[in-house]
>>> print(open('structure15.cif').read())   # mmCIF, C-alpha atoms
data_entry
loop_
_atom_site.label_atom_id
_atom_site.label_comp_id
_atom_site.auth_asym_id
_atom_site.auth_seq_id
_atom_site.Cartn_x
_atom_site.Cartn_y
_atom_site.Cartn_z
CA MET A 41 -2.75 31.27 7.18
CA PRO A 42 -1.73 27.57 7.39
CA SER A 43 -2.89 25.18 4.71
CA TYR A 44 -4.61 21.87 5.37
CA LEU A 45 -5.86 18.63 3.87
CA LEU A 46 -9.13 16.84 4.50
CA ILE A 47 -8.54 13.10 4.89
CA ASN A 48 -10.69 10.02 5.34
CA TYR A 49 -9.60 7.49 7.98
CA SER A 50 -6.02 6.41 7.43
CA CYS A 51 -2.97 5.27 9.30
CA ARG A 52 0.33 7.17 9.20
CA PHE A 53 -0.81 10.29 7.33
CA ASP A 54 0.01 12.33 10.42
CA ARG A 55 3.57 11.05 10.44
CA ASP A 56 4.08 11.13 6.66
CA LEU A 57 2.55 14.55 6.02
CA LYS A 58 2.20 16.64 9.15
CA TRP A 59 5.43 16.19 11.07
CA ARG A 60 7.82 17.55 8.44
CA THR A 61 5.67 19.92 6.37
CA GLY A 62 3.49 21.47 9.07
CA VAL A 63 0.34 20.80 7.03
CA GLU A 64 -2.77 20.65 9.20
CA ILE A 65 -4.97 17.57 8.82
CA VAL A 66 -8.73 17.72 9.37
CA PRO A 67 -10.39 14.27 9.32
CA ILE A 68 -13.57 13.57 7.39
CA GLN A 69 -15.71 12.09 10.17
CA CYS A 70 -17.43 8.93 8.97
CA THR A 71 -19.49 6.59 11.16
CA SER A 72 -20.31 2.91 11.53
CA SER A 73 -23.98 3.64 10.76
CA ASN A 74 -23.18 3.42 7.02
CA ASP A 75 -20.00 1.29 7.25
CA PHE A 76 -17.79 4.41 7.38
CA GLN A 77 -18.59 5.54 3.84
CA ILE A 78 -17.94 9.15 2.86
CA THR A 79 -21.04 11.35 2.60
CA SER A 80 -21.59 14.88 1.30
CA SER A 81 -22.53 16.04 4.81
CA ALA A 82 -19.28 14.60 6.23
CA LEU A 83 -17.28 16.47 3.59
CA GLU A 84 -19.08 19.74 4.27
CA GLU A 85 -18.69 19.37 8.04
CA ALA A 86 -14.94 18.83 7.71
CA PHE A 87 -14.68 21.79 5.34
CA HIS A 88 -16.53 24.11 7.73
CA GLU A 89 -14.50 22.82 10.68
CA ALA A 90 -11.33 23.85 8.85
CA ARG A 91 -12.79 27.25 8.06
CA ARG A 92 -13.78 27.67 11.71
CA ARG A 93 -10.15 27.04 12.63
CA LYS A 94 -9.09 29.63 10.02
CA LEU A 95 -7.27 27.06 7.88
CA ARG A 96 -6.80 27.50 4.15
CA VAL A 97 -8.26 24.59 2.19
CA LYS A 98 -5.81 22.94 -0.23
CA GLY A 99 -7.25 19.53 -0.97
CA VAL A 100 -8.74 16.17 -0.01
CA LEU A 101 -6.61 13.07 0.53
CA VAL A 102 -8.18 9.59 0.49
CA THR A 103 -6.94 6.00 0.44
CA ASN A 104 -8.67 3.67 -1.99
CA PRO A 105 -8.81 0.83 -1.03
CA SER A 106 -9.01 2.17 2.49
CA ASN A 107 -6.40 1.76 5.17
CA PRO A 108 -7.58 0.86 7.86
CA LEU A 109 -11.09 -0.20 6.71
CA GLY A 110 -10.01 -2.72 4.08
CA THR A 111 -12.81 -1.61 1.73
CA THR A 112 -12.93 -0.12 -1.77
CA MET A 113 -14.65 3.19 -2.35
CA THR A 114 -17.92 3.08 -4.25
CA ARG A 115 -18.54 5.02 -7.46
CA ASN A 116 -21.00 7.12 -5.53
CA GLU A 117 -18.30 8.14 -3.04
CA LEU A 118 -15.82 8.91 -5.83
CA ASN A 119 -18.42 11.03 -7.64
CA LEU A 120 -19.16 12.88 -4.39
CA LEU A 121 -15.46 13.63 -3.98
CA LEU A 122 -15.10 14.92 -7.54
CA SER A 123 -18.16 17.12 -7.20
CA PHE A 124 -16.89 18.44 -3.87
CA VAL A 125 -13.38 19.36 -5.06
CA THR A 126 -14.81 20.86 -8.26
CA GLU A 127 -17.18 23.06 -6.27
CA LYS A 128 -14.48 24.16 -3.81
CA GLY A 129 -11.74 24.55 -6.41
CA ILE A 130 -9.30 22.34 -4.47
CA HIS A 131 -7.14 19.29 -5.18
CA LEU A 132 -7.92 15.58 -4.74
CA ILE A 133 -5.14 13.10 -3.96
CA SER A 134 -6.05 9.42 -4.24
CA ASP A 135 -3.62 7.01 -2.57
CA GLU A 136 -4.19 3.76 -4.48
CA ILE A 137 -1.33 1.77 -2.99
CA TYR A 138 -3.63 -1.17 -2.11
CA SER A 139 -5.39 -1.33 -5.49
CA GLY A 140 -3.90 -4.75 -6.31
CA THR A 141 -5.06 -6.33 -3.04
CA VAL A 142 -8.81 -6.42 -3.85
CA PHE A 143 -9.75 -10.07 -3.28
CA SER A 144 -13.56 -10.00 -3.61
CA SER A 145 -16.37 -7.91 -5.04
CA PRO A 146 -17.05 -5.08 -5.47
CA GLY A 147 -13.95 -4.50 -7.57
CA PHE A 148 -11.56 -1.58 -7.44
CA VAL A 149 -12.50 1.65 -9.26
CA SER A 150 -9.76 4.25 -9.73
CA ILE A 151 -10.58 7.92 -9.44
CA LEU A 152 -9.19 8.28 -12.98
CA GLU A 153 -11.95 6.02 -14.32
CA VAL A 154 -14.60 8.26 -12.80
CA LEU A 155 -12.87 11.34 -14.20
CA LYS A 156 -13.03 9.86 -17.70
CA ASP A 157 -16.63 8.70 -17.25
CA ARG A 158 -17.57 12.29 -16.41
CA LYS A 159 -15.59 13.53 -19.46
CA CYS A 160 -13.47 15.88 -17.35
CA GLU A 161 -10.44 15.85 -19.68
CA ASN A 162 -10.80 19.50 -20.68
CA SER A 163 -11.92 20.82 -17.30
CA GLN A 164 -9.93 22.38 -14.47
CA VAL A 165 -10.52 19.43 -12.15
CA TRP A 166 -8.56 17.20 -14.58
CA ASP A 167 -5.35 18.90 -13.43
CA ARG A 168 -6.34 18.86 -9.76
CA VAL A 169 -6.66 15.09 -9.34
CA HIS A 170 -3.47 13.21 -8.47
CA ILE A 171 -2.84 9.49 -7.90
CA VAL A 172 -0.16 8.04 -5.63
CA TYR A 173 1.02 4.44 -5.96
CA SER A 174 3.82 2.15 -4.78
CA LEU A 175 5.02 -1.42 -5.18
CA SER A 176 5.26 -1.84 -1.39
CA LYS A 177 1.88 -3.52 -0.86
CA ASP A 178 0.79 -5.19 -4.09
CA LEU A 179 4.18 -6.79 -4.74
CA GLY A 180 5.39 -6.88 -1.15
CA LEU A 181 8.48 -4.79 -1.92
CA PRO A 182 8.59 -2.05 0.75
CA GLY A 183 12.39 -2.25 0.93
CA PHE A 184 12.73 -1.26 -2.74
CA ARG A 185 11.30 2.20 -1.94
CA VAL A 186 9.68 2.53 -5.39
CA GLY A 187 6.61 4.68 -5.87
CA ALA A 188 4.90 6.82 -8.49
CA ILE A 189 2.81 9.97 -8.80
CA TYR A 190 0.32 10.22 -11.67
CA SER A 191 -0.79 13.77 -12.36
CA ASN A 192 -1.82 15.94 -15.30
CA ASP A 193 -0.56 19.07 -13.55
CA ASP A 194 2.84 20.07 -14.97
CA THR A 195 3.73 21.95 -11.79
CA VAL A 196 3.13 18.88 -9.62
CA VAL A 197 5.11 16.63 -11.99
CA SER A 198 7.98 19.13 -12.09
CA ALA A 199 8.11 19.41 -8.30
CA ALA A 200 7.97 15.62 -7.89
CA THR A 201 10.77 15.19 -10.43
CA LYS A 202 13.00 17.60 -8.51
CA MET A 203 12.21 15.96 -5.16
CA SER A 204 12.98 12.51 -6.55
CA SER A 205 16.64 13.54 -6.73
CA PHE A 206 16.81 12.97 -2.97
CA GLY A 207 15.56 9.39 -3.23
CA LEU A 208 16.68 7.95 -6.53
CA VAL A 209 16.01 4.28 -7.30
CA SER A 210 19.30 2.45 -8.00
CA SER A 211 20.07 1.17 -11.50
CA GLN A 212 20.15 -2.42 -10.23
CA THR A 213 16.67 -2.06 -8.69
CA GLN A 214 15.30 -0.49 -11.86
CA TYR A 215 16.72 -3.31 -13.97
CA LEU A 216 15.28 -6.00 -11.70
CA LEU A 217 11.83 -4.39 -11.59
CA SER A 218 11.82 -3.85 -15.34
CA ALA A 219 12.51 -7.54 -15.92
CA LEU A 220 9.93 -8.59 -13.31
CA LEU A 221 7.10 -6.35 -14.54
CA SER A 222 7.80 -7.16 -18.20
CA ASP A 223 7.03 -10.81 -17.50
CA LYS A 224 3.27 -10.65 -18.07
CA LYS A 225 2.70 -14.33 -17.26
CA PHE A 226 4.45 -13.98 -13.91
CA THR A 227 2.62 -10.78 -12.93
CA ARG A 228 -0.79 -12.24 -13.83
CA ASN A 229 -0.13 -15.40 -11.83
CA TYR A 230 1.34 -13.48 -8.93
CA ILE A 231 -1.57 -11.06 -8.58
CA SER A 232 -4.10 -13.88 -8.94
CA GLU A 233 -2.40 -16.08 -6.33
CA ASN A 234 -1.85 -13.12 -4.01
CA LYS A 235 -5.56 -12.23 -4.03
CA LYS A 236 -6.48 -15.86 -3.42
CA ARG A 237 -4.19 -16.07 -0.38
CA LEU A 238 -5.37 -12.73 1.00
CA LYS A 239 -8.97 -13.92 0.81
CA GLN A 240 -8.07 -17.12 2.65
CA ARG A 241 -6.26 -15.24 5.42
CA GLN A 242 -9.02 -12.66 5.79
CA THR A 243 -11.62 -15.42 6.08
CA LEU A 244 -9.47 -17.21 8.67
CA LEU A 245 -9.21 -14.06 10.79
CA VAL A 246 -12.88 -13.06 10.50
CA LYS A 247 -14.20 -16.54 11.37
CA GLY A 248 -11.70 -16.92 14.20
CA LEU A 249 -12.70 -13.59 15.73
CA GLU A 250 -16.39 -14.43 15.33
CA LYS A 251 -15.84 -17.52 17.49
CA ALA A 252 -14.32 -15.19 20.10
CA GLY A 253 -17.41 -12.95 19.95
CA ILE A 254 -15.69 -10.20 17.96
CA SER A 255 -17.16 -8.81 14.73
CA CYS A 256 -15.41 -7.14 11.79
CA LEU A 257 -16.45 -4.60 9.18
CA GLU A 258 -17.15 -6.46 5.94
CA SER A 259 -14.05 -5.97 3.80
CA ASN A 260 -12.86 -6.86 0.31
CA ALA A 261 -9.31 -5.52 0.09
CA GLY A 262 -6.14 -4.68 1.96
CA LEU A 263 -3.96 -6.57 4.40
CA PHE A 264 -6.06 -5.95 7.52
CA CYS A 265 -9.54 -5.94 9.05
CA TRP A 266 -11.41 -3.18 10.89
CA VAL A 267 -12.40 -4.92 14.12
CA ASN A 268 -15.15 -3.92 16.54
CA MET A 269 -14.16 -4.41 20.20
CA LYS A 270 -16.57 -1.90 21.72
CA HIS A 271 -18.08 -4.53 23.99
CA LEU A 272 -14.69 -5.05 25.66
CA LEU A 273 -14.32 -1.39 26.72
CA SER A 274 -14.84 -0.47 30.37
CA SER A 275 -16.56 2.71 29.14
CA ASN A 276 -17.42 4.33 25.81
CA THR A 277 -14.31 6.56 25.81
CA PHE A 278 -10.97 6.76 24.05
CA THR A 279 -9.29 6.45 27.46
CA ALA A 280 -10.91 3.03 27.78
CA GLU A 281 -9.83 2.21 24.21
CA MET A 282 -6.20 2.94 25.08
CA GLU A 283 -6.51 0.88 28.27
CA LEU A 284 -7.76 -2.07 26.22
CA TRP A 285 -4.98 -1.58 23.65
CA LYS A 286 -2.33 -1.62 26.40
CA LYS A 287 -3.81 -4.81 27.83
CA ILE A 288 -3.68 -6.50 24.42
CA VAL A 289 -0.08 -5.36 23.90
CA HIS A 290 1.21 -6.35 27.35
CA GLU A 291 -0.96 -9.36 28.22
CA VAL A 292 -1.81 -10.88 24.83
CA LYS A 293 1.52 -9.80 23.27
CA LEU A 294 -0.16 -8.57 20.08
CA ASN A 295 0.20 -5.09 18.60
CA ILE A 296 -2.96 -3.89 16.87
CA SER A 297 -3.77 -0.29 15.94
CA PRO A 298 -6.40 1.55 18.02
CA GLY A 299 -8.99 3.46 16.01
CA SER A 300 -8.02 6.75 17.63
CA SER A 301 -4.65 6.56 15.83
CA CYS A 302 -6.64 6.63 12.57
CA HIS A 303 -8.87 9.56 13.63
CA CYS A 304 -11.87 7.31 14.24
CA THR A 305 -14.54 9.11 16.28
CA GLU A 306 -16.07 5.94 17.76
CA PRO A 307 -14.09 4.28 20.58
CA GLY A 308 -13.54 0.54 20.32
CA TRP A 309 -12.48 0.00 16.70
CA PHE A 310 -9.07 -1.55 15.97
CA ARG A 311 -7.07 -2.39 12.86
CA VAL A 312 -5.80 -5.98 12.86
CA CYS A 313 -3.33 -7.13 10.18
CA PHE A 314 -3.50 -10.68 8.82
CA ALA A 315 -1.11 -10.78 5.85
CA ASN A 316 2.31 -10.15 7.38
CA MET A 317 2.63 -13.50 9.15
CA SER A 318 2.39 -17.24 8.60
CA GLU A 319 -0.91 -19.08 8.92
CA GLU A 320 0.42 -20.75 12.07
CA THR A 321 1.20 -17.37 13.63
CA LEU A 322 -2.22 -15.99 12.66
CA ASN A 323 -3.96 -18.97 14.29
CA LEU A 324 -1.91 -18.44 17.44
CA ALA A 325 -2.86 -14.74 17.49
CA ILE A 326 -6.55 -15.61 17.11
CA GLN A 327 -6.33 -18.16 19.94
CA ARG A 328 -4.66 -15.61 22.22
CA LEU A 329 -7.38 -13.07 21.52
CA LYS A 330 -10.07 -15.69 22.13
CA SER A 331 -8.53 -16.61 25.50
CA PHE A 332 -8.24 -12.92 26.39
CA VAL A 333 -11.91 -12.24 25.60
CA GLU A 334 -13.00 -15.30 27.60
CA SER A 335 -10.91 -14.07 30.53
CA MET A 336 -12.46 -10.60 30.34
CA ASN A 337 -15.98 -12.02 30.11
CA SER A 338 -15.28 -14.23 33.12
CA GLN A 339 -14.03 -11.26 35.13
CA SER A 340 -17.05 -9.22 34.10
CA HIS A 341 -19.42 -12.04 35.13
CA HIS A 342 -17.63 -12.37 38.47
CA GLN A 343 -17.94 -8.63 39.08
CA MET A 344 -21.65 -8.75 38.23
CA LEU A 345 -22.18 -11.63 40.70
CA LYS A 346 -20.36 -9.74 43.46
CA SER A 347 -22.39 -6.63 42.76
CA SER A 348 -25.62 -8.64 42.75
CA ARG A 349 -24.72 -10.23 46.08
CA ARG A 350 -23.96 -6.83 47.62
CA LYS A 351 -27.32 -5.50 46.43
CA SER A 352 -29.14 -8.56 47.79
CA LEU A 353 -27.39 -8.22 51.14
CA ALA A 354 -28.21 -4.53 51.31
CA LYS A 355 -31.90 -5.24 50.56
CA TRP A 356 -32.01 -7.97 53.23
CA VAL A 357 -30.43 -5.69 55.85
CA PHE A 358 -32.86 -2.91 54.89
CA ARG A 359 -35.89 -5.19 55.19
CA LEU A 360 -34.65 -6.55 58.51
CA SER A 361 -34.11 -3.05 59.84
CA PHE A 362 -37.49 -1.87 58.54
CA ASP A 363 -39.32 -4.80 60.06
CA HIS A 364 -37.59 -4.23 63.40
CA ASP A 365 -38.42 -0.51 63.49
CA HIS A 366 -42.11 -1.07 62.67
CA ARG A 367 -42.70 -4.10 64.91
CA GLU A 368 -45.45 -3.47 67.46
CA PRO A 369 -44.29 -3.58 71.12
CA GLU A 370 -45.08 -6.82 72.90
CA GLU A 371 -47.63 -6.80 75.75
CA ARG A 372 -46.15 -7.31 79.16
#
>>> encode(input="structure15.cif", output="structure tokens")
Amino acid sequence: MPSYLLINYSCRFDRDLKWRTGVEIVPIQCTSSNDFQITSSALEEAFHEARRRKLRVKGVLVTNPSNPLGTTMTRNELNLLLSFVTEKGIHLISDEIYSGTVFSSPGFVSILEVLKDRKCENSQVWDRVHIVYSLSKDLGLPGFRVGAIYSNDDTVVSAATKMSSFGLVSSQTQYLLSALLSDKKFTRNYISENKKRLKQRQTLLVKGLEKAGISCLESNAGLFCWVNMKHLLSSNTFTAEMELWKKIVHEVKLNISPGSSCHCTEPGWFRVCFANMSEETLNLAIQRLKSFVESMNSQSHHQMLKSSRRKSLAKWVFRLSFDHDHREPEER
């Protein structure tokens, strides 16, 4: 029987986990009605869906802060997750790679904090919760390929130690990072300035999209926004979502991520990054999107006018025909 993981919305988990290991992924289906927060019913539905497909439950994998939502998980959500994995006797993996990008309230809460608040140190769930982290996002060092696994399970730590032999960090990289992270003044200033700039860029994107008639999910972390473009779809389908995505790629020359690539169940949501470019480039991207939306609205208005004219003509012809058929014959 194949094993599987329950995941909340996230980019790249399919590629990172499924392609090489064969692990099946069953998404936790969240909705815009509560800003895509995890609920107990969503967890249970995903669990029963996996059982229906005869999959063996191994654990739950979440990103906190969320990629692609750009939001931090609430304490309520984290408590729900802990209660769920405790009840089912499965593992919980918390990917906290964006924890240093939180630029506004509410602040970031690690799953480890909730574990300690619940005094789980001597319970079985203590060994079933694992944290994944990397310097790729918070310090902007993806090329260094440095990450970490925090776990109280000796088996997990042992396996990770053996696997690390295939991707060792060079001595030069270790020395540089040791010197960098030991400089407390630099790290404090860097994180503070980074959060300030992220907030500025996020505000620039959100306000720019608002002027174009596009709304975003309220976010407080990450390098991206979860953008609602439902009103630009030709129909409420994922086929229409992909059609819109292709138009944006080929006509606007921007590559944004469609929600379907993140297992979103509602067509029309897209992930738009704002931190991997200059302010000038971001302003240009916003202007292109604004022009594209205006063009689509103009086309839609033109189509509506044509349709209205056709209907008016049809009604006029019908009335003319009706009047002719029911006209009394003239006296001779």
>>> residues_around(input="structure15.cif", residues="range 140-146 of chain A", least_positions_apart="6", cutoff="7 Å", atoms="all atoms listed in the file", output="PyMOL selection string")
chain A and resi 178+235-236+238-239+260-262
>>> residues_around(input="structure15.cif", residues="Glu306 in chain A", least_positions_apart="5", cutoff="12 Å", atoms="only C-alpha atoms", output="PyMOL selection string")
chain A and resi 49+69-73+76+268-270+273+275-281+298-301
>>> write_last_selection(input="structure15.cif", atoms="C-alpha atoms", output="mmCIF file, keeping the file's coordinate frame")
data_model
loop_
_atom_site.group_PDB
_atom_site.id
_atom_site.type_symbol
_atom_site.label_atom_id
_atom_site.label_comp_id
_atom_site.auth_asym_id
_atom_site.auth_seq_id
_atom_site.Cartn_x
_atom_site.Cartn_y
_atom_site.Cartn_z
ATOM 1 C CA TYR A 49 -9.600 7.490 7.980
ATOM 2 C CA GLN A 69 -15.710 12.090 10.170
ATOM 3 C CA CYS A 70 -17.430 8.930 8.970
ATOM 4 C CA THR A 71 -19.490 6.590 11.160
ATOM 5 C CA SER A 72 -20.310 2.910 11.530
ATOM 6 C CA SER A 73 -23.980 3.640 10.760
ATOM 7 C CA PHE A 76 -17.790 4.410 7.380
ATOM 8 C CA ASN A 268 -15.150 -3.920 16.540
ATOM 9 C CA MET A 269 -14.160 -4.410 20.200
ATOM 10 C CA LYS A 270 -16.570 -1.900 21.720
ATOM 11 C CA LEU A 273 -14.320 -1.390 26.720
ATOM 12 C CA SER A 275 -16.560 2.710 29.140
ATOM 13 C CA ASN A 276 -17.420 4.330 25.810
ATOM 14 C CA THR A 277 -14.310 6.560 25.810
ATOM 15 C CA PHE A 278 -10.970 6.760 24.050
ATOM 16 C CA THR A 279 -9.290 6.450 27.460
ATOM 17 C CA ALA A 280 -10.910 3.030 27.780
ATOM 18 C CA GLU A 281 -9.830 2.210 24.210
ATOM 19 C CA PRO A 298 -6.400 1.550 18.020
ATOM 20 C CA GLY A 299 -8.990 3.460 16.010
ATOM 21 C CA SER A 300 -8.020 6.750 17.630
ATOM 22 C CA SER A 301 -4.650 6.560 15.830
#
>>> atom_distance(input="structure15.cif", atom1="CA of Leu121 in chain A", atom2="CA of Cys302 in chain A")
20.0 Å
>>> resolve_selection(input="structure15.cif", expression="the PyMOL selection byres ((chain A and resi 171) around 7)", output="PyMOL selection string")
chain A and resi 133-136+169-170+172-173+189-191
>>> resolve_selection(input="structure15.cif", expression="the PyMOL selection byres ((chain A and resi 287) around 12)", output="ChimeraX atom specification")
/A:272-273,280-286,288-296,298,329,332-333,335-336
>>> closest_residue(input="structure15.cif", among="A:Thr195, A:Asp157, A:Gly99, A:Ala252", to="Ala325 in chain A", atoms="only C-alpha atoms")
A:Ala252
>>> closest_residue(input="structure15.cif", among="A:Asn337, A:Ser222, A:Ser139, A:Gln327", to="Leu245 in chain A", atoms="all atoms listed in the file")
A:Gln327
>>> residues_around(input="structure15.cif", residues="Glu153 in chain A", least_positions_apart="4", cutoff="10 Å", atoms="all atoms listed in the file", output="count of residues only")
6
>>> build_atoms(input="structure15.cif", residues="range 154-185 of chain A", atoms="N, CA and C atoms", output="PDB file, keeping the file's coordinate frame")
ATOM      1  N   VAL A 154     -13.444   7.396 -13.016  1.00  0.00           N
ATOM      2  CA  VAL A 154     -14.600   8.260 -12.800  1.00  0.00           C
ATOM      3  C   VAL A 154     -14.406   9.599 -13.507  1.00  0.00           C
ATOM      4  N   LEU A 155     -13.177  10.097 -13.480  1.00  0.00           N
ATOM      5  CA  LEU A 155     -12.870  11.340 -14.200  1.00  0.00           C
ATOM      6  C   LEU A 155     -13.201  11.200 -15.684  1.00  0.00           C
ATOM      7  N   LYS A 156     -12.794  10.077 -16.269  1.00  0.00           N
ATOM      8  CA  LYS A 156     -13.030   9.860 -17.700  1.00  0.00           C
ATOM      9  C   LYS A 156     -14.511   9.636 -17.981  1.00  0.00           C
ATOM     10  N   ASP A 157     -15.196   8.922 -17.076  1.00  0.00           N
ATOM     11  CA  ASP A 157     -16.630   8.700 -17.250  1.00  0.00           C
ATOM     12  C   ASP A 157     -17.393  10.024 -17.279  1.00  0.00           C
ATOM     13  N   ARG A 158     -16.909  10.982 -16.479  1.00  0.00           N
ATOM     14  CA  ARG A 158     -17.570  12.290 -16.410  1.00  0.00           C
ATOM     15  C   ARG A 158     -17.062  13.253 -17.491  1.00  0.00           C
ATOM     16  N   LYS A 159     -16.141  12.733 -18.349  1.00  0.00           N
ATOM     17  CA  LYS A 159     -15.590  13.530 -19.460  1.00  0.00           C
ATOM     18  C   LYS A 159     -14.996  14.852 -18.941  1.00  0.00           C
ATOM     19  N   CYS A 160     -14.082  14.699 -17.989  1.00  0.00           N
ATOM     20  CA  CYS A 160     -13.470  15.880 -17.350  1.00  0.00           C
ATOM     21  C   CYS A 160     -12.125  16.264 -17.969  1.00  0.00           C
ATOM     22  N   GLU A 161     -11.763  15.630 -19.109  1.00  0.00           N
ATOM     23  CA  GLU A 161     -10.440  15.850 -19.680  1.00  0.00           C
ATOM     24  C   GLU A 161     -10.101  17.311 -19.938  1.00  0.00           C
ATOM     25  N   ASN A 162     -11.070  18.091 -20.349  1.00  0.00           N
ATOM     26  CA  ASN A 162     -10.800  19.500 -20.680  1.00  0.00           C
ATOM     27  C   ASN A 162     -11.264  20.468 -19.599  1.00  0.00           C
ATOM     28  N   SER A 163     -11.476  19.961 -18.401  1.00  0.00           N
ATOM     29  CA  SER A 163     -11.920  20.820 -17.300  1.00  0.00           C
ATOM     30  C   SER A 163     -10.771  21.082 -16.323  1.00  0.00           C
ATOM     31  N   GLN A 164     -10.966  22.039 -15.430  1.00  0.00           N
ATOM     32  CA  GLN A 164      -9.930  22.380 -14.470  1.00  0.00           C
ATOM     33  C   GLN A 164      -9.661  21.253 -13.472  1.00  0.00           C
ATOM     34  N   VAL A 165     -10.696  20.490 -13.140  1.00  0.00           N
ATOM     35  CA  VAL A 165     -10.520  19.430 -12.150  1.00  0.00           C
ATOM     36  C   VAL A 165      -9.585  18.327 -12.665  1.00  0.00           C
ATOM     37  N   TRP A 166      -9.457  18.204 -13.980  1.00  0.00           N
ATOM     38  CA  TRP A 166      -8.560  17.200 -14.580  1.00  0.00           C
ATOM     39  C   TRP A 166      -7.134  17.378 -14.077  1.00  0.00           C
ATOM     40  N   ASP A 167      -6.707  18.620 -13.904  1.00  0.00           N
ATOM     41  CA  ASP A 167      -5.350  18.900 -13.430  1.00  0.00           C
ATOM     42  C   ASP A 167      -5.240  18.914 -11.913  1.00  0.00           C
ATOM     43  N   ARG A 168      -6.377  18.799 -11.223  1.00  0.00           N
ATOM     44  CA  ARG A 168      -6.340  18.860  -9.760  1.00  0.00           C
ATOM     45  C   ARG A 168      -6.482  17.496  -9.095  1.00  0.00           C
ATOM     46  N   VAL A 169      -6.566  16.447  -9.897  1.00  0.00           N
ATOM     47  CA  VAL A 169      -6.660  15.090  -9.340  1.00  0.00           C
ATOM     48  C   VAL A 169      -5.321  14.385  -9.534  1.00  0.00           C
ATOM     49  N   HIS A 170      -4.784  13.838  -8.453  1.00  0.00           N
ATOM     50  CA  HIS A 170      -3.470  13.210  -8.470  1.00  0.00           C
ATOM     51  C   HIS A 170      -3.540  11.825  -7.829  1.00  0.00           C
ATOM     52  N   ILE A 171      -2.832  10.863  -8.404  1.00  0.00           N
ATOM     53  CA  ILE A 171      -2.840   9.490  -7.900  1.00  0.00           C
ATOM     54  C   ILE A 171      -1.451   9.125  -7.393  1.00  0.00           C
ATOM     55  N   VAL A 172      -1.412   8.504  -6.222  1.00  0.00           N
ATOM     56  CA  VAL A 172      -0.160   8.040  -5.630  1.00  0.00           C
ATOM     57  C   VAL A 172      -0.177   6.520  -5.595  1.00  0.00           C
ATOM     58  N   TYR A 173       0.944   5.909  -5.941  1.00  0.00           N
ATOM     59  CA  TYR A 173       1.020   4.440  -5.960  1.00  0.00           C
ATOM     60  C   TYR A 173       2.431   3.996  -5.562  1.00  0.00           C
ATOM     61  N   SER A 174       2.537   2.728  -5.160  1.00  0.00           N
ATOM     62  CA  SER A 174       3.820   2.150  -4.780  1.00  0.00           C
ATOM     63  C   SER A 174       3.763   0.645  -4.969  1.00  0.00           C
ATOM     64  N   LEU A 175       4.946   0.030  -5.060  1.00  0.00           N
ATOM     65  CA  LEU A 175       5.020  -1.420  -5.180  1.00  0.00           C
ATOM     66  C   LEU A 175       5.096  -2.102  -3.809  1.00  0.00           C
ATOM     67  N   SER A 176       5.058  -1.309  -2.746  1.00  0.00           N
ATOM     68  CA  SER A 176       5.260  -1.840  -1.390  1.00  0.00           C
ATOM     69  C   SER A 176       4.220  -2.867  -0.987  1.00  0.00           C
ATOM     70  N   LYS A 177       2.956  -2.651  -1.329  1.00  0.00           N
ATOM     71  CA  LYS A 177       1.880  -3.520  -0.860  1.00  0.00           C
ATOM     72  C   LYS A 177       1.512  -4.612  -1.861  1.00  0.00           C
ATOM     73  N   ASP A 178       1.232  -4.219  -3.095  1.00  0.00           N
ATOM     74  CA  ASP A 178       0.790  -5.190  -4.090  1.00  0.00           C
ATOM     75  C   ASP A 178       1.832  -6.252  -4.396  1.00  0.00           C
ATOM     76  N   LEU A 179       3.110  -5.845  -4.441  1.00  0.00           N
ATOM     77  CA  LEU A 179       4.180  -6.790  -4.740  1.00  0.00           C
ATOM     78  C   LEU A 179       5.008  -7.149  -3.508  1.00  0.00           C
ATOM     79  N   GLY A 180       4.655  -6.571  -2.369  1.00  0.00           N
ATOM     80  CA  GLY A 180       5.390  -6.880  -1.150  1.00  0.00           C
ATOM     81  C   GLY A 180       6.844  -6.463  -1.206  1.00  0.00           C
ATOM     82  N   LEU A 181       7.098  -5.265  -1.763  1.00  0.00           N
ATOM     83  CA  LEU A 181       8.480  -4.790  -1.920  1.00  0.00           C
ATOM     84  C   LEU A 181       8.712  -3.444  -1.229  1.00  0.00           C
ATOM     85  N   PRO A 182       8.404  -3.341   0.067  1.00  0.00           N
ATOM     86  CA  PRO A 182       8.590  -2.050   0.750  1.00  0.00           C
ATOM     87  C   PRO A 182      10.052  -1.617   0.803  1.00  0.00           C
ATOM     88  N   GLY A 183      10.965  -2.587   0.839  1.00  0.00           N
ATOM     89  CA  GLY A 183      12.390  -2.250   0.930  1.00  0.00           C
ATOM     90  C   GLY A 183      12.944  -1.654  -0.352  1.00  0.00           C
ATOM     91  N   PHE A 184      12.240  -1.818  -1.472  1.00  0.00           N
ATOM     92  CA  PHE A 184      12.730  -1.260  -2.740  1.00  0.00           C
ATOM     93  C   PHE A 184      12.503   0.251  -2.810  1.00  0.00           C
ATOM     94  N   ARG A 185      11.588   0.752  -2.000  1.00  0.00           N
ATOM     95  CA  ARG A 185      11.300   2.200  -1.940  1.00  0.00           C
ATOM     96  C   ARG A 185      10.973   2.767  -3.319  1.00  0.00           C
TER      97      ARG A 185
END
